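I have placed the structure first, in the form of structure tokens, so that the comments after it can refer back to it.
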Amino acid sequence: MKSGDKVALVCCSNGQPAATQGLLMELHDELIKIGLVPVFGDYIYERESVFSGSAYNRAESLMEFYKNEEIAAVFDISGGDIANEILPYLDFDVIAASGKMFWGYSDLTTILNAIYTKTGQPSVLYQIKNIVLEASGSQSRRFQNTIWGQGKELFDFSYVFLQKQEMEGVVVGGNIRCLLKLAGTQYWPDMDGKILLLEALSGGVGKMVTYLSQLKQIGVFEKISGILLGTFTEMAREGCVPQIADLVKMYAGKDIPVAYTPEIGHGIDAKAVIIGQKLRLSGCR
């Protein structure tokens with residue numbers, strides 16, 4: 001991206017409540033201040049239940065931005081449950097030809113991984129609203145410095161190894177609950193040799209056991225080169241035992257590298273990671 005570029009703001013998952021309008025205007029103003037020109041899609045706010053529009057409407061809104069040569073990147077500002085319903089209406093040939101980066105997190109894990117699976121292109125696991133939600137301004141500075149080529153601070157996350165000491169591979173995954181919506185579909189990523197990123201907002205031990213069991217039963221842990229754990233917000237807040245690291249090692253086994261970062265997940269201070277890009281981790285940082 002360069003100064004003056006137009007960027008799209010879309011809502012592919014649950015529509016935004018009307019009460020968020022003030023926050024989205026703050027985001028608009030902050031992006032202008034940074035040097036970007038935000039353009040909102042037509043389907044942002046809740047209209048009926050959780051929907052800002054039909055699956056087809058939301059998909060078409062997204063595709064119009066991919067077709068618009070003035071748009072440099074696409075930022076999804078939503079989360080929730082329903083992003084995967086737009087997948088059949090996306091034109092992945094157009095997405096691939098555009099070369100534009102899609103940014104989103106949480107439920108947008110479905111779209112991030114579908115884009116990589118269908119096009120081979122990377123996307124960014126990151127919530128752009130963090131640049132106004134995080135009060136100290138560090139997120140905005142980090143974002144600016146990274147997009148203007150003054151460093152890679154947004155993607156430079158700390159980590160420690162919990163099992164083994166090295167992993168290398170293309171990163172796939174994201175929110176564990178949302179990733180598993182793709183299982184059994186054409187949008188599920190090839191797991192061979194991949195680093196599997198897993199994080200979660202909600203869910204205690206029972207839900208994590210369900211998700212990890214499914215990953216094991218479909219053979220994921222036999223294929224990947226490592227597991228990178230982000231934050232598991234509810235488990236940490238509730239002090240759940242066993243902890244997520246123990247559960248992961250229980251289901252994935254003792255031979256697979258496992259690392260943990262406190263800087264990827266649903267926190268407003270979270271950094272970003274690129275889904276579909278090769279990553280090498282070793283030791284700790």
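Ligands are numbered from 1 in the order shown, residues from 1 within each chain, and chains are lettered A, B, ... in the order they appear in the structure tokens.
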Please, which residues in segment 38-110 of chain A fall within 9 Å of segment 7-29 of chain A when counting only C-alpha atoms, and what is the closest atom pair and distance in Å to one decimal for each, ordered by chain then residue number, as JSON lines?
```
{"residue": "A:Pro38", "atom": "CA", "partner": "A:Val7", "partner_atom": "CA", "distance": 4.9}
{"residue": "A:Val39", "atom": "CA", "partner": "A:Ala8", "partner_atom": "CA", "distance": 4.9}
{"residue": "A:Phe40", "atom": "CA", "partner": "A:Leu9", "partner_atom": "CA", "distance": 4.7}
{"residue": "A:Gly41", "atom": "CA", "partner": "A:Val10", "partner_atom": "CA", "distance": 5.2}
{"residue": "A:Asp42", "atom": "CA", "partner": "A:Val10", "partner_atom": "CA", "distance": 8.0}
{"residue": "A:Tyr43", "atom": "CA", "partner": "A:Cys11", "partner_atom": "CA", "distance": 6.5}
{"residue": "A:Ile44", "atom": "CA", "partner": "A:Cys11", "partner_atom": "CA", "distance": 5.3}
{"residue": "A:Tyr45", "atom": "CA", "partner": "A:Gln16", "partner_atom": "CA", "distance": 4.4}
{"residue": "A:Glu46", "atom": "CA", "partner": "A:Gly15", "partner_atom": "CA", "distance": 4.3}
{"residue": "A:Arg47", "atom": "CA", "partner": "A:Gly15", "partner_atom": "CA", "distance": 7.5}
{"residue": "A:Glu48", "atom": "CA", "partner": "A:Gly15", "partner_atom": "CA", "distance": 8.9}
{"residue": "A:Ser49", "atom": "CA", "partner": "A:Gly15", "partner_atom": "CA", "distance": 8.5}
{"residue": "A:Val50", "atom": "CA", "partner": "A:Asn14", "partner_atom": "CA", "distance": 5.2}
{"residue": "A:Phe51", "atom": "CA", "partner": "A:Gly15", "partner_atom": "CA", "distance": 5.3}
{"residue": "A:Ser52", "atom": "CA", "partner": "A:Gly15", "partner_atom": "CA", "distance": 4.5}
{"residue": "A:Gly53", "atom": "CA", "partner": "A:Gly15", "partner_atom": "CA", "distance": 8.0}
{"residue": "A:Ala55", "atom": "CA", "partner": "A:Cys12", "partner_atom": "CA", "distance": 8.2}
{"residue": "A:Arg58", "atom": "CA", "partner": "A:Cys12", "partner_atom": "CA", "distance": 5.9}
{"residue": "A:Ala59", "atom": "CA", "partner": "A:Cys12", "partner_atom": "CA", "distance": 7.2}
{"residue": "A:Ser61", "atom": "CA", "partner": "A:Val10", "partner_atom": "CA", "distance": 7.8}
{"residue": "A:Leu62", "atom": "CA", "partner": "A:Val10", "partner_atom": "CA", "distance": 6.8}
{"residue": "A:Phe65", "atom": "CA", "partner": "A:Ala8", "partner_atom": "CA", "distance": 6.6}
{"residue": "A:Glu70", "atom": "CA", "partner": "A:Val7", "partner_atom": "CA", "distance": 8.4}
{"residue": "A:Ile71", "atom": "CA", "partner": "A:Val7", "partner_atom": "CA", "distance": 5.3}
{"residue": "A:Ala72", "atom": "CA", "partner": "A:Val7", "partner_atom": "CA", "distance": 5.5}
{"residue": "A:Ala73", "atom": "CA", "partner": "A:Val7", "partner_atom": "CA", "distance": 5.1}
{"residue": "A:Val74", "atom": "CA", "partner": "A:Ala8", "partner_atom": "CA", "distance": 4.7}
{"residue": "A:Phe75", "atom": "CA", "partner": "A:Leu9", "partner_atom": "CA", "distance": 5.0}
{"residue": "A:Asp76", "atom": "CA", "partner": "A:Val10", "partner_atom": "CA", "distance": 4.8}
{"residue": "A:Ile77", "atom": "CA", "partner": "A:Cys11", "partner_atom": "CA", "distance": 5.7}
{"residue": "A:Ser78", "atom": "CA", "partner": "A:Cys11", "partner_atom": "CA", "distance": 5.1}
{"residue": "A:Gly79", "atom": "CA", "partner": "A:Ser13", "partner_atom": "CA", "distance": 5.4}
{"residue": "A:Gly80", "atom": "CA", "partner": "A:Asn14", "partner_atom": "CA", "distance": 5.4}
{"residue": "A:Asp81", "atom": "CA", "partner": "A:Ser13", "partner_atom": "CA", "distance": 6.2}
{"residue": "A:Ile82", "atom": "CA", "partner": "A:Ser13", "partner_atom": "CA", "distance": 4.8}
{"residue": "A:Ala83", "atom": "CA", "partner": "A:Ser13", "partner_atom": "CA", "distance": 4.0}
{"residue": "A:Asn84", "atom": "CA", "partner": "A:Ser13", "partner_atom": "CA", "distance": 7.8}
{"residue": "A:Glu85", "atom": "CA", "partner": "A:Ser13", "partner_atom": "CA", "distance": 8.6}
{"residue": "A:Ile86", "atom": "CA", "partner": "A:Cys12", "partner_atom": "CA", "distance": 7.4}
{"residue": "A:Asp107", "atom": "CA", "partner": "A:Ser13", "partner_atom": "CA", "distance": 6.8}
{"residue": "A:Leu108", "atom": "CA", "partner": "A:Ser13", "partner_atom": "CA", "distance": 7.1}
```
Query - Shell of 10 Å around Lys118 of chain A, only C-alpha atoms, local chain residues under 5 positions omitted, as a PyMOL selection string - result: chain A and resi 91-93+95-96+113+186-189
Expected file contents, prior selection, C-alpha atoms, as a compact mmCIF listing (two decimals), in the first residue's frame:
```txt
# COMPACT_ATOMS: atom_id res chain seq x y z
CA ASP A 91 -14.97 -15.75 -7.63
CA PHE A 92 -11.56 -17.03 -6.64
CA ASP A 93 -10.13 -16.44 -10.11
CA ILE A 95 -9.44 -12.75 -6.20
CA ALA A 96 -6.26 -14.44 -7.42
CA ASN A 113 -8.04 -20.16 4.61
CA GLN A 186 -13.35 -27.74 -0.93
CA TYR A 187 -12.04 -24.81 1.12
CA TRP A 188 -10.17 -26.90 3.70
CA PRO A 189 -6.42 -26.28 3.40
```
Query - Every residue of segment 72-234 of chain A that DSSP places in strand (DSSP E), as a PyMOL selection string - result: chain A and resi 72-76+101-104+123-125+160-163+166-175+195-200+226-232
Query - Residue contacts of Val241 of chain A (8 Å, only C-alpha atoms) excluding same-chain residues fewer than 2 positions away, as a PyMOL selection string - result: chain A and resi 205+239+243
Residues as selected, C-alpha atoms, written as a PDB file, in the first residue's frame, can you do that?
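The file below, part-v5.pdb, is the result:
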```pdb
ATOM      1  CA  VAL A 205     -12.117 -27.494  28.226  1.00  0.00           C
ATOM      2  CA  GLY A 239      -8.255 -20.584  34.730  1.00  0.00           C
ATOM      3  CA  GLN A 243      -4.743 -25.755  30.147  1.00  0.00           C
TER       4      GLN A 243
END
```
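Of the residues under consideration (A:Gln165, A:Ser158, A:Gln127, A:Thr185), A:Gln127 shows the shortest atom-to-atom contact distance to Gly267 of chain A when counting only C-alpha atoms.
Distances to Gln163 of chain A were evaluated for A:Ile147, A:Ala114, A:Val258, A:Leu90 using only C-alpha atoms, and the minimum falls at A:Val258.
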Show which residues sit within 10 Å of Ile176 of chain A, as a CSV table (one decimal) with C-alpha atoms, in the first residue's frame. Count only C-alpha atoms, and ignore same-chain residues fewer than 3 positions away.
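Writing the result to selection.csv gives the following:
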```
chain,number,residue,atom,x,y,z
A,106,SER,CA,-12.0,-14.7,14.2
A,107,ASP,CA,-14.9,-16.0,12.0
A,109,THR,CA,-10.6,-17.6,9.5
A,173,GLY,CA,-5.5,-22.0,10.6
A,179,LEU,CA,-11.4,-23.3,11.0
A,180,LEU,CA,-13.3,-26.5,11.5
A,181,LYS,CA,-16.3,-25.2,9.6
A,196,LEU,CA,-1.2,-25.0,12.2
A,197,LEU,CA,-2.1,-21.8,14.1
A,198,LEU,CA,-4.8,-22.2,16.7
A,199,GLU,CA,-6.5,-19.6,18.9
A,200,ALA,CA,-9.9,-19.0,20.4
A,201,LEU,CA,-12.1,-16.4,22.1
A,208,MET,CA,-11.5,-27.6,23.1
A,211,TYR,CA,-12.2,-29.4,18.4
A,212,LEU,CA,-8.9,-31.2,19.1
A,215,LEU,CA,-8.6,-32.4,14.2
A,232,PHE,CA,-7.4,-18.8,24.3
```
